[in-house]
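Novice: Mind having a look at this structure? Questions to follow.
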Amino acid sequence: MNILKMENVRKVFDGTLDVLKGISLSVDAGEVVAIIGPSGSGKSTLLRCATLLTDMTEGELAYKGESIVTTVDGKAVYADKAALKKARGCFGLVFQNFNLFPHYSVLKNLIDAPINVLGIPKEEAIETAKVLLEKMGLADKIDAYPCQLSGGQQQRVAIARALAMKPDILFFDEPTSALDPELTGEILKVIRQLAEENMTMVIVTHEMIFARDVADRIVFMDGGVIVEEGPAQEVINNPKEERTQRFLNKYQQ
Amino acid sequence: MTLMTMIMKMSEGLGRTFAIFALTLIFSIPLGMIVAWLRMSKNRIISNVTRFVISILRGTPLMLQLLAVTYGPYYLFEISVSRNKLIPVVIAFAINYAAYFAEIYRGGIESMPVGQYEAANVLGYSKMQTFFHIILPQVVKRIMPSITNEVVTLVKDTSMAFTVSYQEMFTIGKQIANSQTSFMPFLVAGVFYFIFNGVVDLVMGKIEKSMSYYS
Ligand SMILES: Nc1ncnc2c1ncn2[C@@H]1O[C@H](COP(=O)(O)OP(=O)(O)O)[C@@H](O)[C@H]1O
Ligand SMILES: [Mg+2]
C-alpha cells in the first residue's frame with residue numbers, strides 16, 4: 001500500500017530562492033528510504049513540506065491515497081482543516097535536536113499527545129508508553145526530565161514520543177547529527193530495530209554505511225533535485241551519476 | 001506623638017496599601033496577557049497602536065498617570081471625582097503594570113525555540129493546546145525573575161497613591177511628617193516596605209523553586 005506520495009514538489013523561499021525544484025517521492029508500507037545529499041540541498045525542506053511544517057509552493061502530496069495538497073494554476077492548494085488533521089495522524093517526525101518538551105517528564109512527553117490529541121484513555125496511553133520505553137532501553141527513565149538525560153537518551157525518548165502516536169510513516173531529519181559520535185550507535189540501533197519490524201521510514205542521514213545496510217532505497221539529492229535514486233546497495237556501491245560519485249567519495253575518505 | 005502612636009496610625013493604612021498591591025496584580029497580570037497578544041498581532045495596525053500605547057505608559061511617570069486617571073474625568077467631562085479613590089488608583093496602577101507585564105510576556109514568548117511549536121504541530125496539537133500545554137508553562141518559568149522584579153517595584157510604587165491623597169500607609173505617614181515636622185514617619189514607612197518586600201521575596205522564591213524541577 002502506498003503511504004506517502006509527493007509529486008513534483010517545488011518550494012521557493014521569499015519568491016526567489018528555489019530550494020526544491022520538482023521532487024517526486026513515493027513510499028510504500030514497510031519501505032525504508034534514506035535521503036542523502038550535501039548540506040543545503042533541500043533535504044530538510046522536503047521533510048518539512050511532507051510533515052506540513054512548511055507550505056510548498058507547488059506540487060502534490062497525499063497520505064494513504066488521500067490528497068492533502070493539489071496544484072491549481074501553478075499554486076499549491078491545501079485541503080481543509082479536518083483533512084490536514086487526519087493527515088497529521090499518519091506521520092511522525094524525529095528532529096535533529098529532539099525538541100522534547102522540557103517541562104514534561106519522559107512519561108508525560110509520551111502520553112500527553114496520545115491523550116489530548118488522539119483521545120486515548122490515560123491508562124492505555126501509559127501502557128503503550130511503558131512498552132515503548134522498555135523497547136528503547138529507557139524503562140528506568142520514565143520519571144526523569146529531558147534535562148537529566150544524555151543526548152542519545154533524549155533522542156530515543158523523541159523516537160518513542162513519535163511512535164506513541166502510532167504513525168503510518170516516520171520521518172527522521174539527521175537524527176544523529178546533534179549527538180557525540182559515541183552516542184550515534186544507540187540511535188542507529190533503534191532505527192535498525194524499527195526497520196526489522198517493518199516500520200515505514202524516511203531517513204535523512206549522513207551515515208552512509210547505515211543507509212546502505214538499513215534502507216531499501218536511497219535517494220540522492222543535490223541542488224533541490226533528486227539526482228539519483230535506487231536500491232540502497234546499488235546507489236552506495238555503484239552510483240551511476242557523477243555527482244553521486246563525487247559526493248560519496250568525500251565520505252569514503 | 002510617640003513612635004508607637006505613629007506606627008499604629010500608619011498601620012491603619014496598611015490594608016489600603018495592600019489593597020492597591022493585590023488588586024493591581026489581580027488585574028494587570030491577565031490584562032498584560034491581552035496587551036501582549038494585541039502587541040504580537042499579525043495585524044500591523046493593531047500591533048503598532050498597542051506598541052504606541054505601551055510606550056506612552058512606560059515612558060511617562062506613573063504619578064502623572066495616577067493624576068490623569070483620578071482627576072482627568074473631572075477636567076474633561078466634569079464627572080465628579082469618585083469618593084473612593086481606590087478605584088482610580090487601581091485603574092491607573094493596573095494599566096501601567098499591564099504595559100510592563102505585556103512586554104515581559106512578549107519577551108518570554110518570543111524567546112521560545114521554534115522547535116517547541118514544530119514538535120507540537122507534528123504531534124497534532126491545536127494552536128490553543130500548543131500555547132496552553134507547551135508554550136505558556138515554559139514561558140512562565142522563564143519570565144518569573146522579571147515578574148518578581150515588577151512585584152517588588154509595585155510594593156514601593158504603592159506609595160505614589162499619596163499624590164491623589166488616597167489614605168494608604170505612606171500618605172498617612174506623610175501627613176504625620178508634615179504636622180509633626182518629623183522625619184520619623186518616613187523611616188517607619190521604609191521599614192514597612194522592607195518587611196513587605198521580604199514577604200514578597202519569600203513567596204516569589206517559593207514559586208520559582210516550585211518550577212525548578214527542570215531546566
Ligand atoms: N525558512 C527559510 N527561509 C529561507 N531560506 C531557507 C529557509 N529554510 C531553508 N532555506 C534554504 O533552503 C536551502 C536548503 O535548506 P535545507 O532544506 O535545510 O537543506 P539540507 O537539509 O539539505 O541541508 C538552503 O539554502 C537554506 O538556506
Ligand atoms: Mg537539513
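Letters A, B, ... mark the chains of the C-alpha cells in the order given; residue numbers begin at 1 per chain; ligand numbers begin at 1, in order shown.
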Would you kindly report the residues of chain B within 8 Å of chain A, using only C-alpha atoms, as a PDB file with N, CA, C and O atoms, in the first residue's frame?
Specialist:
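Final file, part09.pdb:
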```pdb
ATOM      1  N   GLY B 115      11.372  25.154  17.665  1.00  0.00           N
ATOM      2  CA  GLY B 115      11.257  23.690  17.674  1.00  0.00           C
ATOM      3  C   GLY B 115      10.138  23.184  18.572  1.00  0.00           C
ATOM      4  O   GLY B 115       9.555  22.132  18.305  1.00  0.00           O
ATOM      5  N   GLN B 116       9.823  23.924  19.637  1.00  0.00           N
ATOM      6  CA  GLN B 116       8.733  23.515  20.520  1.00  0.00           C
ATOM      7  C   GLN B 116       7.390  23.586  19.794  1.00  0.00           C
ATOM      8  O   GLN B 116       6.548  22.707  19.938  1.00  0.00           O
ATOM      9  N   GLU B 118       7.064  23.421  16.541  1.00  0.00           N
ATOM     10  CA  GLU B 118       7.073  22.450  15.448  1.00  0.00           C
ATOM     11  C   GLU B 118       6.802  21.043  15.963  1.00  0.00           C
ATOM     12  O   GLU B 118       6.046  20.287  15.360  1.00  0.00           O
ATOM     13  N   ALA B 119       7.413  20.704  17.109  1.00  0.00           N
ATOM     14  CA  ALA B 119       7.175  19.384  17.684  1.00  0.00           C
ATOM     15  C   ALA B 119       5.692  19.222  18.000  1.00  0.00           C
ATOM     16  O   ALA B 119       5.087  18.185  17.711  1.00  0.00           O
ATOM     17  N   ASN B 121       3.179  20.861  16.681  1.00  0.00           N
ATOM     18  CA  ASN B 121       2.431  20.847  15.422  1.00  0.00           C
ATOM     19  C   ASN B 121       2.408  19.444  14.811  1.00  0.00           C
ATOM     20  O   ASN B 121       1.353  18.930  14.436  1.00  0.00           O
ATOM     21  N   VAL B 122       3.586  18.806  14.736  1.00  0.00           N
ATOM     22  CA  VAL B 122       3.661  17.483  14.119  1.00  0.00           C
ATOM     23  C   VAL B 122       2.880  16.454  14.944  1.00  0.00           C
ATOM     24  O   VAL B 122       2.289  15.534  14.402  1.00  0.00           O
ATOM     25  N   LEU B 123       2.844  16.649  16.269  1.00  0.00           N
ATOM     26  CA  LEU B 123       2.099  15.708  17.114  1.00  0.00           C
ATOM     27  C   LEU B 123       0.598  15.946  17.026  1.00  0.00           C
ATOM     28  O   LEU B 123      -0.188  15.186  17.583  1.00  0.00           O
ATOM     29  N   GLY B 124       0.199  17.022  16.351  1.00  0.00           N
ATOM     30  CA  GLY B 124      -1.225  17.240  16.117  1.00  0.00           C
ATOM     31  C   GLY B 124      -1.912  18.143  17.129  1.00  0.00           C
ATOM     32  O   GLY B 124      -3.133  18.276  17.105  1.00  0.00           O
ATOM     33  N   TYR B 125      -1.148  18.771  18.026  1.00  0.00           N
ATOM     34  CA  TYR B 125      -1.764  19.702  18.970  1.00  0.00           C
ATOM     35  C   TYR B 125      -2.401  20.862  18.204  1.00  0.00           C
ATOM     36  O   TYR B 125      -1.831  21.340  17.214  1.00  0.00           O
ATOM     37  N   ILE B 134       2.126  23.596  26.053  1.00  0.00           N
ATOM     38  CA  ILE B 134       3.563  23.534  25.764  1.00  0.00           C
ATOM     39  C   ILE B 134       4.271  24.872  26.001  1.00  0.00           C
ATOM     40  O   ILE B 134       5.295  24.918  26.675  1.00  0.00           O
ATOM     41  N   PRO B 137       3.492  27.208  29.997  1.00  0.00           N
ATOM     42  CA  PRO B 137       4.193  26.785  31.223  1.00  0.00           C
ATOM     43  C   PRO B 137       5.692  27.096  31.181  1.00  0.00           C
ATOM     44  O   PRO B 137       6.280  27.469  32.188  1.00  0.00           O
ATOM     45  N   GLN B 138       6.289  26.966  30.009  1.00  0.00           N
ATOM     46  CA  GLN B 138       7.728  27.247  29.904  1.00  0.00           C
ATOM     47  C   GLN B 138       8.000  28.743  29.958  1.00  0.00           C
ATOM     48  O   GLN B 138       8.998  29.183  30.526  1.00  0.00           O
ATOM     49  N   TYR B 214      12.885  21.344  36.355  1.00  0.00           N
ATOM     50  CA  TYR B 214      13.508  21.120  35.052  1.00  0.00           C
ATOM     51  C   TYR B 214      14.283  22.359  34.661  1.00  0.00           C
ATOM     52  O   TYR B 214      14.083  23.419  35.251  1.00  0.00           O
ATOM     53  N   SER B 215      15.145  22.227  33.691  1.00  0.00           N
ATOM     54  CA  SER B 215      15.863  23.417  33.251  1.00  0.00           C
ATOM     55  C   SER B 215      15.855  23.493  31.730  1.00  0.00           C
ATOM     56  O   SER B 215      15.516  22.548  31.052  1.00  0.00           O
TER      57      SER B 215
END
```
Novice: Enumerate residues in contact with ligand 2: an atom-to-atom distance of at most 8 Å, counting only C-alpha atoms and all ligand atoms. Format the result as a list in words.
Specialist: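 Final answer, ordered by chain and number: Ser39, Gly40, Gly42, Lys43, Ser44, Thr45, Asp173, Glu174 and Val204 of chain A.
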Novice: For Ser26 of chain A, list every protein, DNA or RNA residue within 7 Å, evaluated using only C-alpha atoms, and leave out those in the same chain fewer than 2 positions away; present the list as a list in words.
Specialist: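 These residues fall inside the cut-off: Leu4, Lys5, Met6, Ser24 and Asp28 of chain A.
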Novice: Rank B:Ala92, B:Ile46, B:Met211, B:Met169 by their smallest atom-to-atom distance to Leu67 of chain B, using only C-alpha atoms, and report the top residue only.
Specialist: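 So, comparing all the options, the nearest one is B:Ala92.
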Novice: Within 12 Å of Ile20 of chain B, counting only C-alpha atoms, which residues qualify if same-chain residues fewer than 4 places away don't, as a VMD selection string?
Specialist: chain B and resid 13 to 16 24 to 28 85 to 94 97 151 154 to 161 166 to 169
Novice: Could the residues in this selection be saved with C-alpha atoms as a short mmCIF file (atom, residue, chain, number, x, y, z; two decimals), in the first residue's frame?
Specialist:
```cif
data_model
loop_
_atom_site.label_atom_id
_atom_site.label_comp_id
_atom_site.auth_asym_id
_atom_site.auth_seq_id
_atom_site.Cartn_x
_atom_site.Cartn_y
_atom_site.Cartn_z
CA GLY B 13 -3.27 52.49 56.09
CA LEU B 14 -1.53 49.17 55.50
CA GLY B 15 -4.78 47.50 54.49
CA ARG B 16 -5.20 50.07 51.72
CA THR B 24 -3.14 45.78 40.77
CA LEU B 25 -1.67 42.29 40.41
CA ILE B 26 -5.05 40.63 40.02
CA PHE B 27 -5.99 42.95 37.16
CA SER B 28 -2.65 43.66 35.49
CA LYS B 85 -10.05 56.89 45.36
CA LEU B 86 -9.11 53.20 45.41
CA ILE B 87 -10.92 52.77 42.10
CA PRO B 88 -8.94 55.32 40.02
CA VAL B 89 -5.71 54.37 41.81
CA VAL B 90 -6.13 50.70 40.97
CA ILE B 91 -7.17 51.51 37.40
CA ALA B 92 -4.03 53.62 36.88
CA PHE B 93 -1.75 51.06 38.51
CA ALA B 94 -3.30 48.10 36.70
CA TYR B 97 1.69 47.49 35.22
CA VAL B 151 6.19 42.86 42.05
CA LEU B 154 4.99 47.57 42.83
CA VAL B 155 5.25 47.29 46.62
CA LYS B 156 7.28 50.50 46.67
CA ASP B 157 5.21 52.20 43.96
CA THR B 158 2.03 51.94 46.05
CA SER B 159 3.42 54.94 47.96
CA MET B 160 2.68 57.06 44.90
CA ALA B 161 -1.01 56.99 45.82
CA TYR B 166 -5.54 58.13 48.94
CA GLN B 167 -5.22 57.29 52.61
CA GLU B 168 -2.80 54.39 52.39
CA MET B 169 0.13 53.89 54.73
#
```
Novice: At a cut-off of 10 Å and counting only C-alpha atoms and all ligand atoms, what residues surround ligand 1? Please answer as a PyMOL selection string.
Specialist: chain A and resi 11-20+35-49+54+173-174+204-205+221-224
Novice: Could you write out, as a VMD selection string, all the residues of segment 101-252 of chain A that DSSP marks as strand (DSSP E or B)?
Specialist: chain A and resid 169 to 173 201 to 204 217 to 222 225 to 231
Novice: In Å to one decimal, how far is atom CA of Arg83 of chain B from atom CA of Ala68 of chain B?
Specialist: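 Computing the Euclidean distance for atom CA of Ala68 of chain B and atom CA of Arg83 of chain B yields 15.8 Å.
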Novice: Under the rule that only C-alpha atoms are counted, which of A:Ile126, A:Gln252, A:Ile3, A:Leu132 is the nearest residue to Val32 of chain A?
Specialist: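 Selected residue with least distance to Val32 of chain A: A:Ile3.
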Novice: Atom CA of Lys189 of chain A and atom CA of Leu163 of chain A are how many Å apart?
Specialist: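 Pair atom CA of Lys189 of chain A / atom CA of Leu163 of chain A returns 15.7 Å.
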Novice: Select from segment 13-216 of chain A everything DSSP, run on the backbone, classes as helix (DSSP H, G or I), then give the selection as a count of residues only.
Specialist: 83
